[in-house]
Amino acid sequence: MQQFDLVIVGGGLAGTSLAVALRDSRLRIALIEPQPPRRSAGWDARIYAISPANARFLADIGIWRHLDPERLAPVRAMDVRGDGGGQLKFSAYDTGVDELAWIVESSLMACELWESAKRQSNVTLVPPGRPRSLEFRHDASLLALEDGSVLGARLIVGADGRDSWVRGAAGLDAQHSPYGEKGVVANFATSQGHRDTARQWFRDDGVLAWLPLPGNRISIVWSTPDDHADELVALPAQELCHRVAAAGENALGPLELLTPAAAFPLRLMRVPRTVAPRLALVGDAAHGIHPLSGHGINLGFQDARELAARLAATQAWHDIGDIRLLAGYQRARKEETLLLQTATDGLHRLFRHPAPALRSLRNLGLGLTDSLPLIKNTLARYALGAL
Ligand SMILES: Cc1cc2nc3c(=O)[nH]c(=O)nc-3n(C[C@H](O)[C@H](O)[C@H](O)COP(=O)(O)OP(=O)(O)OC[C@H]3O[C@@H](n4cnc5c(N)ncnc54)[C@H](O)[C@@H]3O)c2cc1C
């Protein structure tokens with residue numbers, strides 16, 4: 001049996017960032033990932049809006065400066081349109097920050113985190129394999145892999161995504177509420193410059209976001225009912241360009257498709273307990289959120305940051321699998337997660353409701369918020385993790 005202090009199951013963005021955030025600690029770490037990341041040849045269709053707080057986290061753990069600046073796009077303004085004339089505009093200048101967010105390709109961050117973890121002397125990357133069984137003893141967790149090997153650890157972290165095997169093996173409950181929608185993602189070249197502006201339309205057929213990429217390019221996330229999402233993904237390139245341009249009020253002129261559209265099913269997932277003795281969950285294993293506010297991996301990075309800080313601060317004689325330590329991590333992350341899940345879900349419900357009275361109210365709400373700079377900028381700063 002191989003002995004570690006910490007075994008992280010899942011080498012996605014959340015799991016790998018946890019390992020890298022512990023690079024200066026004395027902890028011996030195993031990272032288990034069946035599919036190490038690969039850099040996509042062109043533009044990655046998975047794009048994230050990274051908050052300033054998480055850009056700082058990635059800088060602190062030595063990742064940000066290695067990301068190719070030519071592939072990063074700042075968001076300096078945001079333009080949100082309701083489905084009945086409501087409009088809300090944010091700018092970095094008014095909010096008092098340099099940028100509202102950074103748009104970064106998923107594989108760019110994933111590869112950089114992976115390479116960094118690979119170079120770490122306290123990390124063992126377990127060759128591609130999957131866990132088979134998990135057993136909790138009072139002094140250790142034992143994780144058996146499909147190849148027959150067994151890893152012993154004082155703490156197991158489940159970072160294995162929203163269908164987390166670890167969460168199930170530990171008997172932690174997850175409440176799933178599917179939205180009946182998919183997030184359609186694709187990248188386009190635009191005819192006009194986007195001026196570092198992210199645009200979002202709350203429409204009858206869902207929420208459409210246009211996120212700026214470097215140059216005259218955008219990445220879209222169209223969260224829309226399953227049937228419509230399937231229809232969009234099956235459209236010929238030219239037709240998809242017309243549909244996306246028209247849905248976005250032709251704000252940047254005609255579009256040209258750069259990466260084929262892909263669709264991801266969306267669901268709200270609440271996990272009441274994210275820790276147990278010798279176990280903690282991070283990232284999508286611990287929460288699921290609608291992408292309309294772009295908070296998924298932002299929450300995941302903050303989970304990793306918080307857990308790493310608590311583990312790194314323990315003295316050598318302290319047990320990192322102690323439930324009191326882990327309960328502190330759970331408490332620290334609960335409020336932000338619940339707040340963002342509830343706010344995002346509430347916004348989604350408000351705009352999905354067909355009642356005409358609600359349509360007027362939500363558009364009035366956008367306009368009203370737009371005319372109250374103090375509230376608007378406080379909201380923006382909170383949502384950005386800049387407060
Ligand atoms: C359409 C869409 C748009 C989004 N846009 C944004 C955005 O703009 N901003 C944002 O912050 N978030 C966004 N998100 C959310 C974001 O994609 C997720 O929050 C993020 O990918 C979660 O990362 P993770 O590392 O927790 O999990 P994952 O990315 O799911 O990684 C889990 C890892 O665990 C591995 N794994 C799985 N099972 C096992 C197992 N049994 N054993 C070992 N390893 C295993 C997998 O191979 C994978 O590498 C969006 C989501 C969608 C669907």
# chains A, B, ... in the order shown; residues from 1 in each chain; ligands from 1
call {"tool": "residues_around", "arguments": {"residues": "Trp64 of chain A", "least_positions_apart": "2", "cutoff": "12 Å", "atoms": "only C-alpha atoms", "output": "PyMOL selection string"}}
result
chain A and resi 17+50+52+54-62+66-69+71-72+102+104+108-110+112-113+116
call {"tool": "write_last_selection", "arguments": {"atoms": "C-alpha atoms", "output": "PDB file, in the first residue's frame"}}
result
ATOM      1  CA  SER A  17      -5.429  23.825  -8.391  1.00  0.00           C
ATOM      2  CA  ILE A  50     -12.513  34.147 -14.402  1.00  0.00           C
ATOM      3  CA  PRO A  52     -10.513  39.055 -10.411  1.00  0.00           C
ATOM      4  CA  ASN A  54      -9.544  33.925  -8.993  1.00  0.00           C
ATOM      5  CA  ALA A  55      -7.075  35.611 -11.325  1.00  0.00           C
ATOM      6  CA  ARG A  56      -5.311  36.620  -8.072  1.00  0.00           C
ATOM      7  CA  PHE A  57      -5.536  33.031  -6.768  1.00  0.00           C
ATOM      8  CA  LEU A  58      -4.006  31.687 -10.005  1.00  0.00           C
ATOM      9  CA  ALA A  59      -1.302  34.366  -9.772  1.00  0.00           C
ATOM     10  CA  ASP A  60      -0.576  33.463  -6.140  1.00  0.00           C
ATOM     11  CA  ILE A  61      -0.064  29.799  -7.032  1.00  0.00           C
ATOM     12  CA  GLY A  62       2.259  30.705  -9.927  1.00  0.00           C
ATOM     13  CA  HIS A  66       2.528  31.252 -17.542  1.00  0.00           C
ATOM     14  CA  LEU A  67      -0.763  31.708 -19.401  1.00  0.00           C
ATOM     15  CA  ASP A  68      -0.183  32.999 -22.926  1.00  0.00           C
ATOM     16  CA  PRO A  69      -1.257  36.697 -22.764  1.00  0.00           C
ATOM     17  CA  ARG A  71      -4.987  34.049 -25.423  1.00  0.00           C
ATOM     18  CA  LEU A  72      -6.424  36.086 -22.518  1.00  0.00           C
ATOM     19  CA  TRP A 102     -10.833  37.585 -17.686  1.00  0.00           C
ATOM     20  CA  VAL A 104      -9.696  32.187 -20.467  1.00  0.00           C
ATOM     21  CA  LEU A 108      -5.085  26.624 -21.326  1.00  0.00           C
ATOM     22  CA  MET A 109      -5.556  26.733 -17.535  1.00  0.00           C
ATOM     23  CA  ALA A 110      -5.924  22.953 -17.217  1.00  0.00           C
ATOM     24  CA  GLU A 112      -0.709  24.855 -17.082  1.00  0.00           C
ATOM     25  CA  LEU A 113      -2.044  23.541 -13.752  1.00  0.00           C
ATOM     26  CA  SER A 116       2.840  22.645 -12.613  1.00  0.00           C
TER      27      SER A 116
END
call {"tool": "residues_around", "arguments": {"residues": "Arg305 of chain A", "least_positions_apart": "3", "cutoff": "9 Å", "atoms": "only C-alpha atoms", "output": "PDB file with N, CA and C atoms, in the first residue's frame"}}
result
ATOM      1  N   SER A  17      -5.804  22.558  -9.046  1.00  0.00           N
ATOM      2  CA  SER A  17      -5.429  23.825  -8.391  1.00  0.00           C
ATOM      3  C   SER A  17      -5.215  23.602  -6.897  1.00  0.00           C
ATOM      4  N   LEU A  18      -5.942  22.661  -6.305  1.00  0.00           N
ATOM      5  CA  LEU A  18      -5.709  22.343  -4.885  1.00  0.00           C
ATOM      6  C   LEU A  18      -4.289  21.783  -4.699  1.00  0.00           C
ATOM      7  N   ALA A  21      -1.809  24.578  -5.139  1.00  0.00           N
ATOM      8  CA  ALA A  21      -1.833  25.530  -4.020  1.00  0.00           C
ATOM      9  C   ALA A  21      -1.102  24.971  -2.795  1.00  0.00           C
ATOM     10  N   PHE A  57      -5.863  34.366  -7.293  1.00  0.00           N
ATOM     11  CA  PHE A  57      -5.536  33.031  -6.768  1.00  0.00           C
ATOM     12  C   PHE A  57      -4.571  32.313  -7.728  1.00  0.00           C
ATOM     13  N   GLY A 300     -15.284  26.774  -7.568  1.00  0.00           N
ATOM     14  CA  GLY A 300     -14.352  25.648  -7.402  1.00  0.00           C
ATOM     15  C   GLY A 300     -12.946  26.107  -7.022  1.00  0.00           C
ATOM     16  N   PHE A 301     -12.465  27.174  -7.671  1.00  0.00           N
ATOM     17  CA  PHE A 301     -11.126  27.690  -7.328  1.00  0.00           C
ATOM     18  C   PHE A 301     -11.107  28.214  -5.891  1.00  0.00           C
ATOM     19  N   GLN A 302     -12.209  28.858  -5.481  1.00  0.00           N
ATOM     20  CA  GLN A 302     -12.235  29.373  -4.108  1.00  0.00           C
ATOM     21  C   GLN A 302     -12.309  28.236  -3.090  1.00  0.00           C
ATOM     22  N   ALA A 308      -6.859  24.551   0.765  1.00  0.00           N
ATOM     23  CA  ALA A 308      -5.389  24.531   0.773  1.00  0.00           C
ATOM     24  C   ALA A 308      -4.852  25.382   1.919  1.00  0.00           C
ATOM     25  N   ALA A 309      -5.452  26.562   2.134  1.00  0.00           N
ATOM     26  CA  ALA A 309      -4.968  27.447   3.203  1.00  0.00           C
ATOM     27  C   ALA A 309      -5.114  26.760   4.555  1.00  0.00           C
ATOM     28  N   ARG A 310      -6.231  26.087   4.774  1.00  0.00           N
ATOM     29  CA  ARG A 310      -6.446  25.418   6.067  1.00  0.00           C
ATOM     30  C   ARG A 310      -5.510  24.216   6.238  1.00  0.00           C
TER      31      ARG A 310
END
call {"tool": "closest_residue", "arguments": {"among": "A:Glu135, A:Asp163, A:Asp173, A:Asp205", "to": "Asp226 of chain A", "atoms": "only C-alpha atoms"}}
result
A:Asp205
call {"tool": "closest_atom_pairs", "arguments": {"of": "chain A", "to": "ligand 1", "cutoff": "7 Å", "atoms": "only C-alpha atoms and all ligand atoms", "output": "Markdown table"}}
result
| residue | atom | partner | partner_atom_place_in_ligand_line | distance |
| --- | --- | --- | --- | --- |
| A:Val9 | CA | ligand 1 | 43 (C) | 4.9 |
| A:Gly10 | CA | ligand 1 | 34 (O) | 3.4 |
| A:Gly11 | CA | ligand 1 | 49 (O) | 4.7 |
| A:Gly12 | CA | ligand 1 | 31 (O) | 3.7 |
| A:Leu13 | CA | ligand 1 | 25 (O) | 4.0 |
| A:Ala14 | CA | ligand 1 | 25 (O) | 3.9 |
| A:Gly15 | CA | ligand 1 | 25 (O) | 5.7 |
| A:Ile32 | CA | ligand 1 | 43 (C) | 5.4 |
| A:Glu33 | CA | ligand 1 | 44 (N) | 4.4 |
| A:Pro34 | CA | ligand 1 | 44 (N) | 5.5 |
| A:Gln35 | CA | ligand 1 | 47 (O) | 5.1 |
| A:Pro36 | CA | ligand 1 | 49 (O) | 6.9 |
| A:Ile47 | CA | ligand 1 | 8 (O) | 6.1 |
| A:Tyr48 | CA | ligand 1 | 8 (O) | 3.6 |
| A:Ala49 | CA | ligand 1 | 8 (O) | 4.2 |
| A:Ile50 | CA | ligand 1 | 11 (O) | 6.1 |
| A:Arg130 | CA | ligand 1 | 42 (N) | 4.7 |
| A:Pro131 | CA | ligand 1 | 42 (N) | 5.6 |
| A:Ala159 | CA | ligand 1 | 26 (O) | 5.6 |
| A:Asp160 | CA | ligand 1 | 34 (O) | 3.4 |
| A:Gly161 | CA | ligand 1 | 30 (O) | 3.5 |
| A:Arg162 | CA | ligand 1 | 30 (O) | 6.0 |
| A:Ser164 | CA | ligand 1 | 38 (N) | 6.1 |
| A:Trp165 | CA | ligand 1 | 41 (N) | 5.0 |
| A:Gly183 | CA | ligand 1 | 1 (C) | 4.0 |
| A:Val184 | CA | ligand 1 | 1 (C) | 6.0 |
| A:Val185 | CA | ligand 1 | 1 (C) | 6.0 |
| A:Val221 | CA | ligand 1 | 1 (C) | 5.8 |
| A:Ala263 | CA | ligand 1 | 1 (C) | 6.8 |
| A:Phe264 | CA | ligand 1 | 53 (C) | 4.9 |
| A:Pro265 | CA | ligand 1 | 53 (C) | 6.5 |
| A:Leu266 | CA | ligand 1 | 53 (C) | 6.1 |
| A:Val282 | CA | ligand 1 | 26 (O) | 6.4 |
| A:Gly283 | CA | ligand 1 | 26 (O) | 3.4 |
| A:Asp284 | CA | ligand 1 | 26 (O) | 3.9 |
| A:Ala285 | CA | ligand 1 | 26 (O) | 6.0 |
| A:Pro291 | CA | ligand 1 | 4 (C) | 4.8 |
| A:Gly294 | CA | ligand 1 | 9 (N) | 3.7 |
| A:His295 | CA | ligand 1 | 11 (O) | 4.0 |
| A:Gly296 | CA | ligand 1 | 19 (O) | 3.3 |
| A:Ile297 | CA | ligand 1 | 11 (O) | 3.5 |
| A:Asn298 | CA | ligand 1 | 11 (O) | 4.2 |
| A:Leu299 | CA | ligand 1 | 11 (O) | 6.8 |
| A:Gly300 | CA | ligand 1 | 26 (O) | 5.6 |
call {"tool": "residues_around", "arguments": {"residues": "Ala316 of chain A", "least_positions_apart": "5", "cutoff": "12 Å", "atoms": "only C-alpha atoms", "output": "PyMOL selection string"}}
result
chain A and resi 5+25-27+311
call {"tool": "atom_distance", "arguments": {"atom1": "atom CA of Val271 of chain A", "atom2": "atom CA of Leu125 of chain A"}}
result
27.8 Å
call {"tool": "closest_residue", "arguments": {"among": "A:His290, A:Val275, A:Glu306, A:Met1", "to": "Ala144 of chain A", "atoms": "only C-alpha atoms"}}
result
A:Met1
call {"tool": "residues_around", "arguments": {"residues": "segment 327-339 of chain A", "least_positions_apart": "3", "cutoff": "9 Å", "atoms": "only C-alpha atoms", "output": "ChimeraX atom specification"}}
result
/A:270,273-276,280,287,289,299,302-303,306-307,310,322-324,342-344
call {"tool": "write_last_selection", "arguments": {"atoms": "N, CA, C and O atoms", "output": "mmCIF file, in the first residue's frame"}}
result
data_model
loop_
_atom_site.group_PDB
_atom_site.id
_atom_site.type_symbol
_atom_site.label_atom_id
_atom_site.label_comp_id
_atom_site.auth_asym_id
_atom_site.auth_seq_id
_atom_site.Cartn_x
_atom_site.Cartn_y
_atom_site.Cartn_z
ATOM 1 N N ARG A 270 -27.358 20.843 -5.161
ATOM 2 C CA ARG A 270 -26.979 21.267 -3.814
ATOM 3 C C ARG A 270 -26.490 20.054 -3.054
ATOM 4 O O ARG A 270 -27.112 18.982 -3.096
ATOM 5 N N ARG A 273 -23.940 18.352 2.778
ATOM 6 C CA ARG A 273 -22.688 18.138 3.537
ATOM 7 C C ARG A 273 -21.560 17.885 2.555
ATOM 8 O O ARG A 273 -21.613 16.955 1.760
ATOM 9 N N THR A 274 -20.548 18.733 2.601
ATOM 10 C CA THR A 274 -19.427 18.579 1.663
ATOM 11 C C THR A 274 -18.190 18.009 2.357
ATOM 12 O O THR A 274 -17.132 17.907 1.733
ATOM 13 N N VAL A 275 -18.338 17.661 3.644
ATOM 14 C CA VAL A 275 -17.217 17.028 4.359
ATOM 15 C C VAL A 275 -17.741 15.890 5.228
ATOM 16 O O VAL A 275 -18.923 15.844 5.553
ATOM 17 N N ALA A 276 -16.854 14.994 5.576
ATOM 18 C CA ALA A 276 -17.122 13.901 6.521
ATOM 19 C C ALA A 276 -15.741 13.577 7.107
ATOM 20 O O ALA A 276 -14.724 14.075 6.599
ATOM 21 N N ALA A 280 -13.339 15.440 1.984
ATOM 22 C CA ALA A 280 -13.858 16.771 1.626
ATOM 23 C C ALA A 280 -14.121 16.799 0.123
ATOM 24 O O ALA A 280 -13.455 16.093 -0.648
ATOM 25 N N HIS A 287 -20.963 21.335 -5.697
ATOM 26 C CA HIS A 287 -22.063 22.241 -6.063
ATOM 27 C C HIS A 287 -22.246 22.290 -7.562
ATOM 28 O O HIS A 287 -21.301 22.119 -8.328
ATOM 29 N N ILE A 289 -24.240 24.859 -10.510
ATOM 30 C CA ILE A 289 -24.866 26.186 -10.620
ATOM 31 C C ILE A 289 -25.115 26.475 -12.099
ATOM 32 O O ILE A 289 -24.333 26.057 -12.963
ATOM 33 N N LEU A 299 -16.328 29.280 -8.144
ATOM 34 C CA LEU A 299 -16.568 28.695 -6.813
ATOM 35 C C LEU A 299 -15.556 27.588 -6.543
ATOM 36 O O LEU A 299 -15.029 27.465 -5.437
ATOM 37 N N GLN A 302 -12.209 28.858 -5.481
ATOM 38 C CA GLN A 302 -12.235 29.373 -4.108
ATOM 39 C C GLN A 302 -12.309 28.236 -3.090
ATOM 40 O O GLN A 302 -11.754 28.336 -1.995
ATOM 41 N N ASP A 303 -12.984 27.123 -3.448
ATOM 42 C CA ASP A 303 -12.959 25.933 -2.578
ATOM 43 C C ASP A 303 -11.503 25.484 -2.392
ATOM 44 O O ASP A 303 -11.048 25.226 -1.274
ATOM 45 N N GLU A 306 -9.430 27.905 -0.256
ATOM 46 C CA GLU A 306 -9.784 27.847 1.169
ATOM 47 C C GLU A 306 -9.264 26.549 1.814
ATOM 48 O O GLU A 306 -8.660 26.582 2.892
ATOM 49 N N LEU A 307 -9.489 25.425 1.142
ATOM 50 C CA LEU A 307 -9.064 24.151 1.731
ATOM 51 C C LEU A 307 -7.536 24.097 1.826
ATOM 52 O O LEU A 307 -6.977 23.688 2.847
ATOM 53 N N ARG A 310 -6.231 26.087 4.774
ATOM 54 C CA ARG A 310 -6.446 25.418 6.067
ATOM 55 C C ARG A 310 -5.510 24.216 6.238
ATOM 56 O O ARG A 310 -4.987 23.977 7.328
ATOM 57 N N ASP A 322 -9.138 15.409 10.314
ATOM 58 C CA ASP A 322 -9.990 15.681 11.479
ATOM 59 C C ASP A 322 -11.243 16.450 11.046
ATOM 60 O O ASP A 322 -11.144 17.483 10.381
ATOM 61 N N ILE A 323 -12.392 15.951 11.449
ATOM 62 C CA ILE A 323 -13.655 16.555 11.021
ATOM 63 C C ILE A 323 -13.790 18.006 11.497
ATOM 64 O O ILE A 323 -14.433 18.821 10.825
ATOM 65 N N ARG A 324 -13.144 18.372 12.613
ATOM 66 C CA ARG A 324 -13.268 19.770 13.082
ATOM 67 C C ARG A 324 -12.594 20.728 12.103
ATOM 68 O O ARG A 324 -13.107 21.797 11.794
ATOM 69 N N THR A 342 -28.456 30.522 -5.091
ATOM 70 C CA THR A 342 -29.821 31.013 -4.910
ATOM 71 C C THR A 342 -30.074 32.216 -5.816
ATOM 72 O O THR A 342 -31.112 32.296 -6.475
ATOM 73 N N ALA A 343 -29.119 33.142 -5.870
ATOM 74 C CA ALA A 343 -29.299 34.338 -6.702
ATOM 75 C C ALA A 343 -29.391 33.952 -8.179
ATOM 76 O O ALA A 343 -30.255 34.439 -8.915
ATOM 77 N N THR A 344 -28.517 33.047 -8.620
ATOM 78 C CA THR A 344 -28.502 32.661 -10.031
ATOM 79 C C THR A 344 -29.783 31.903 -10.384
ATOM 80 O O THR A 344 -30.404 32.147 -11.419
#
call {"tool": "residues_around", "arguments": {"residues": "Gly206 of chain A", "least_positions_apart": "5", "cutoff": "12 Å", "atoms": "only C-alpha atoms", "output": "PyMOL selection string"}}
result
chain A and resi 82-83+179-184+200-201+221-229+247+290-292+347-354
call {"tool": "residues_around", "arguments": {"residues": "Met78 of chain A", "least_positions_apart": "4", "cutoff": "6 Å", "atoms": "only C-alpha atoms", "output": "number ranges by chain"}}
result
A: 89-90, 197-199
call {"tool": "closest_residue", "arguments": {"among": "A:Ala53, A:Ala170, A:Ala19, A:Leu151", "to": "Pro277 of chain A", "atoms": "only C-alpha atoms"}}
result
A:Ala170
call {"tool": "select_by_dssp", "arguments": {"residues": "segment 216-298 of chain A", "states": "alpha helix (DSSP H)", "output": "PyMOL selection string"}}
result
chain A and resi 226-234+237-247+296-298
call {"tool": "write_last_selection", "arguments": {"atoms": "C-alpha atoms", "output": "PDB file, in the first residue's frame"}}
result
ATOM      1  CA  ASP A 226     -33.034  20.913 -24.523  1.00  0.00           C
ATOM      2  CA  ASP A 227     -34.923  20.708 -27.867  1.00  0.00           C
ATOM      3  CA  HIS A 228     -33.731  24.127 -28.987  1.00  0.00           C
ATOM      4  CA  ALA A 229     -30.152  23.348 -27.889  1.00  0.00           C
ATOM      5  CA  ASP A 230     -30.168  20.090 -29.896  1.00  0.00           C
ATOM      6  CA  GLU A 231     -31.552  21.972 -32.906  1.00  0.00           C
ATOM      7  CA  LEU A 232     -28.827  24.652 -32.672  1.00  0.00           C
ATOM      8  CA  VAL A 233     -26.021  22.082 -32.430  1.00  0.00           C
ATOM      9  CA  ALA A 234     -27.344  20.253 -35.521  1.00  0.00           C
ATOM     10  CA  ALA A 237     -22.434  26.462 -39.768  1.00  0.00           C
ATOM     11  CA  GLN A 238     -23.873  29.278 -41.886  1.00  0.00           C
ATOM     12  CA  GLU A 239     -27.353  28.916 -40.392  1.00  0.00           C
ATOM     13  CA  LEU A 240     -25.972  28.808 -36.838  1.00  0.00           C
ATOM     14  CA  CYS A 241     -24.067  32.049 -37.503  1.00  0.00           C
ATOM     15  CA  HIS A 242     -27.280  33.743 -38.695  1.00  0.00           C
ATOM     16  CA  ARG A 243     -29.262  32.504 -35.685  1.00  0.00           C
ATOM     17  CA  VAL A 244     -26.638  33.578 -33.138  1.00  0.00           C
ATOM     18  CA  ALA A 245     -26.107  36.969 -34.802  1.00  0.00           C
ATOM     19  CA  ALA A 246     -29.858  37.643 -34.964  1.00  0.00           C
ATOM     20  CA  ALA A 247     -30.409  36.548 -31.345  1.00  0.00           C
ATOM     21  CA  GLY A 296     -19.008  27.365 -11.582  1.00  0.00           C
ATOM     22  CA  ILE A 297     -15.233  27.113 -11.627  1.00  0.00           C
ATOM     23  CA  ASN A 298     -14.938  30.414  -9.796  1.00  0.00           C
TER      24      ASN A 298
END
call {"tool": "atom_distance", "arguments": {"atom1": "atom CA of Ala261 of chain A", "atom2": "atom CA of Pro128 of chain A"}}
result
28.6 Å
call {"tool": "atom_distance", "arguments": {"atom1": "atom CA of Ile320 of chain A", "atom2": "atom CA of Leu142 of chain A"}}
result
14.9 Å
